[in-house]
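One structure is given here, and the rest of the page talks about it.
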Amino acid sequence: MALTTAPGATRRTGPVAPTPSRTAGRRAGLGRKVRDNLTGHTFLIGAVACFAVFSWYPMVRGVVMSFQRTRRGETTWVGWDNYSRIIADPSFWTAWKNTFVFTGLALVLGYLVPFFVAILLNELRHAKGYLRVLVYLPVMLPPASALFLFKFYAYDPSEAGLFNAILTALGLPTSEWMQSPTMTMPAMVIASTWMNMGGAVLIYLAALQNIPGELYEAAEIDGAGLWRRILHVTVPQTRLILALLAMLQIVATMQLFIEPLILANGAGTQDSATSVAYLIYQHGFFQNDLNGAAALGVIMLVVLAGFSAVYLRLTARQD
Amino acid sequence: MAADLTTRTLVSHAQLRRGRGRVLYWIVLSVVVAGFTLVFLGPLYWMVTGALKSGQEIAQTPPTLFPRDPQPGNYVDAWTNLDLAKLLFNTFYYATGAVLFQLVLDTAAAYALSKLRPVLGKLILGMMLATLMIPAMVLIVPQYVTVIDLPIVHVNLLDSPFAIWLPLVANAFNIFLLKRFFDSIPEDLMAAAVMDGASPLRTLWSIVLPMSRPILGVVAIFAVTAVWKDFLWPKLVMPSPETRTVSVGIYAFAGGTPMNVVIAASVIAAIPTVVLFLIFQRNIMSGLTTGGLKG
């Protein structure tokens, strides 16, 4: 996604004839240059102000806040107190464990499934548009709407629930879903994957269409079967997209929030649904502990930065 | 699609047109079409018809496939009890404003970064793109603290639509998308306009923007869906019942409302984005795949 590859940028560094605006600028000298720059910054100012106030400043403020404590309008520096308080929260380690379990399960389900779905869709010559629309449809639902559907109809723990009715019809044992601590995570992963996989499928599909057909041809002539063609042609040819989406998926699933909030009313049975993001929300907006919440946010940032570093290291070595 | 017939994929076409391959292909196709319809459309069918069932029928084992005694009253209850008209209007209002603010400010910024290139432009672009790395949850607390007491001017934006509009302008993905598109507009065109004495604003308005309609459409559609789908941020910055978005409103009522009515409300809340998708599916899908995740 490097911007230096954009055609405009490369053209600019090439030996092109100076544009009229530039010759004019040189003639009119410094005044003109200042005026051009001023115009440019005028166009930028609105967006830059929004970035500054709602993105750059909060970034710094979050770190600063995590070392402060505000009580009755008075802010003092407290060192690492917020961090030790948040780590001492009995839910802290559970929340991290749950978040990692969710991220792991979502990676297995929400990452491999879209890839194979995309491979399958890429082979079909009929009903292409219809299937693509179907896969992407859940992405367009408001998550709250979709999750109420799961909560009330699909994960109804009685036998009247949709999933339990299907399991009964298949002669399988039913489940308590969100009321069972062991099923809470898989149930949230299923709901989340259903809601979100459409985007990944479409991105994979676009990547698959860029694979040169000769590679498959050659592999087949060499006697490679279907599975070996996937493993030795499809996967290597899409590995950059695969790596990028893995990274994006990890960052997205680590922020697990609305699924526990709606499906499990926040913490879930025996704390089985509490996520790190939910803990941030709890501390910040219910326990009147914005500073502790900011500290937890910083911890989360550090963990995600760790994942990004691993990702960069891995992709850099491949090239 | 003629182009698809010439490109070869995992399985060759010849193989799929002969004897066993052909039979197998049609079996796989039917299974996929039936399976996908069941998996992706089934739950939506269940949702729409489930909301038509009575409380008694919904608790019945095994569940009924068609509502035996349809209760459209559930939808009416949802509409009136939750004041959905108000909630939908709020969400629509926030979405419209978000589109306008993003289109005006992000387009202007991307144009400046792509064509006017003032000093420090590269640094500013880099700092904008860096925000893509920061997960939203990490910023939620300091952003909230900022919004309830804006730096310097000390204004509280709670319950003001600006609390939704302005943070959405800080969208590096938009800037990236727009800048990349503007970069592909030939320099000569711009030079000709400048020669004719057109100001930068004039050039943007009469040359760049008309050429950029597809990308502006993508940005607008993504802005609408982002506002419609967002939950935590509007929940935090729009605390009073009069200013809530539709998702937050339904969530707030979910506790004390019969579940069929909650589902009926969820169906109504989902209609606008689904309709938007069905109309603009081509733009949405191409925007998603060509939009920037390709390199």
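Residue numbers start at 1 in each chain; chains themselves are named A, B, ... in the order of the structure tokens; ligands are numbered from 1 in the order shown.
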| said: Residues of chain A were defined as contacting chain B if any atom lay at most 6 Å from it, counting only C-alpha atoms; please report them as a list in words. | reply: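 In the required form, that comes to Met1, Gly8, Asn37, Gly40, Phe43, Leu44, Gly46, Ala47, Cys50, Phe51, Phe54, Pro58, Gly62, Leu134, Met140, Leu141, Pro142, Ala144, Ser145, Glu159, Ala160, Ile203, Gly213 and Gly297 of chain A.
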Would you save the residues of that selection, restricted to C-alpha atoms, as a PDB file, in the first residue's frame?
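Final output, again.pdb:
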```
ATOM      1  CA  MET A   1       0.000   0.000   0.000  1.00  0.00           C
ATOM      2  CA  GLY A   8       1.501  10.739  -9.837  1.00  0.00           C
ATOM      3  CA  ASN A  37       1.676  26.857  -0.133  1.00  0.00           C
ATOM      4  CA  GLY A  40      -2.484  24.085  -0.301  1.00  0.00           C
ATOM      5  CA  PHE A  43      -7.399  22.937   1.469  1.00  0.00           C
ATOM      6  CA  LEU A  44      -5.789  20.737   4.113  1.00  0.00           C
ATOM      7  CA  GLY A  46     -10.263  21.052   7.793  1.00  0.00           C
ATOM      8  CA  ALA A  47      -9.131  17.449   7.622  1.00  0.00           C
ATOM      9  CA  CYS A  50     -10.108  16.797  12.603  1.00  0.00           C
ATOM     10  CA  PHE A  51      -7.124  14.446  12.620  1.00  0.00           C
ATOM     11  CA  PHE A  54      -9.856  13.413  17.208  1.00  0.00           C
ATOM     12  CA  PRO A  58      -6.175  11.529  21.785  1.00  0.00           C
ATOM     13  CA  GLY A  62      -4.320   8.309  26.116  1.00  0.00           C
ATOM     14  CA  LEU A 134     -25.244 -13.432  -0.521  1.00  0.00           C
ATOM     15  CA  MET A 140     -24.316  -4.706   5.551  1.00  0.00           C
ATOM     16  CA  LEU A 141     -26.535  -5.502   8.531  1.00  0.00           C
ATOM     17  CA  PRO A 142     -26.100  -3.341  11.615  1.00  0.00           C
ATOM     18  CA  ALA A 144     -26.725  -4.987  16.753  1.00  0.00           C
ATOM     19  CA  SER A 145     -29.569  -6.260  14.529  1.00  0.00           C
ATOM     20  CA  GLU A 159     -35.265 -26.783  22.013  1.00  0.00           C
ATOM     21  CA  ALA A 160     -37.295 -24.088  20.316  1.00  0.00           C
ATOM     22  CA  ILE A 203     -10.813  -9.449  -1.276  1.00  0.00           C
ATOM     23  CA  GLY A 213      -3.652 -19.380 -15.524  1.00  0.00           C
ATOM     24  CA  GLY A 297      -5.914   0.799  26.140  1.00  0.00           C
TER      25      GLY A 297
END
```
| query | What lies within 12 Å of Thr182 in chain A using only C-alpha atoms, ignoring chain neighbours under 2 positions off, as an MDAnalysis selection string? | reply | chainID A and resid 98 101 175:180 184:188 268:273
Now that the selection is made, can you save its residues with N, CA and C atoms as a CSV table (one decimal), in the first residue's frame?
```
chain,number,residue,atom,x,y,z
A,98,ASN,N,-9.8,-14.8,27.3
A,98,ASN,CA,-11.0,-14.9,26.4
A,98,ASN,C,-10.7,-14.2,25.0
A,101,VAL,N,-8.5,-16.4,23.0
A,101,VAL,CA,-9.2,-17.6,22.5
A,101,VAL,C,-10.1,-17.2,21.4
A,175,SER,N,-27.4,-27.8,22.7
A,175,SER,CA,-26.4,-27.0,23.5
A,175,SER,C,-27.1,-25.9,24.2
A,176,GLU,N,-26.5,-25.5,25.3
A,176,GLU,CA,-27.0,-24.3,26.0
A,176,GLU,C,-26.5,-23.0,25.5
A,177,TRP,N,-25.6,-23.1,24.5
A,177,TRP,CA,-25.1,-21.9,23.8
A,177,TRP,C,-24.5,-20.9,24.8
A,178,MET,N,-25.1,-19.7,24.8
A,178,MET,CA,-24.5,-18.6,25.6
A,178,MET,C,-24.6,-18.9,27.1
A,179,GLN,N,-25.4,-19.8,27.5
A,179,GLN,CA,-25.5,-20.1,29.0
A,179,GLN,C,-24.5,-21.2,29.4
A,180,SER,N,-23.8,-21.7,28.5
A,180,SER,CA,-22.7,-22.7,28.8
A,180,SER,C,-21.4,-22.0,28.7
A,184,THR,N,-19.7,-20.5,25.0
A,184,THR,CA,-19.8,-19.0,24.8
A,184,THR,C,-18.9,-18.6,23.7
A,185,MET,N,-17.6,-18.9,23.8
A,185,MET,CA,-16.7,-18.5,22.8
A,185,MET,C,-17.0,-19.0,21.4
A,186,PRO,N,-17.1,-20.3,21.2
A,186,PRO,CA,-17.5,-20.8,19.8
A,186,PRO,C,-18.7,-20.1,19.3
A,187,ALA,N,-19.7,-19.9,20.1
A,187,ALA,CA,-21.0,-19.3,19.7
A,187,ALA,C,-20.7,-17.8,19.2
A,188,MET,N,-19.9,-17.1,19.9
A,188,MET,CA,-19.5,-15.7,19.5
A,188,MET,C,-18.7,-15.7,18.2
A,268,GLY,N,-21.1,-12.4,30.5
A,268,GLY,CA,-21.4,-13.8,30.2
A,268,GLY,C,-21.4,-14.7,31.4
A,269,THR,N,-21.8,-16.0,31.2
A,269,THR,CA,-21.8,-16.9,32.3
A,269,THR,C,-20.4,-17.2,32.8
A,270,GLN,N,-20.2,-17.0,34.1
A,270,GLN,CA,-18.9,-17.1,34.8
A,270,GLN,C,-17.8,-16.4,34.1
A,271,ASP,N,-18.1,-15.2,33.7
A,271,ASP,CA,-17.0,-14.3,33.1
A,271,ASP,C,-16.5,-14.9,31.8
A,272,SER,N,-17.3,-15.8,31.1
A,272,SER,CA,-16.7,-16.5,30.0
A,272,SER,C,-16.7,-15.6,28.7
A,273,ALA,N,-17.3,-14.5,28.8
A,273,ALA,CA,-17.4,-13.6,27.6
A,273,ALA,C,-16.6,-12.3,27.7
```
| request: Extract, using only C-alpha atoms, all DNA, RNA and protein residues at most 9 Å from Ser91 in chain A, discarding same-chain residues fewer than 4 positions from it, and format them as a VMD selection string. | output: chain A and resid 87 95 to 96 271 274 to 275 279
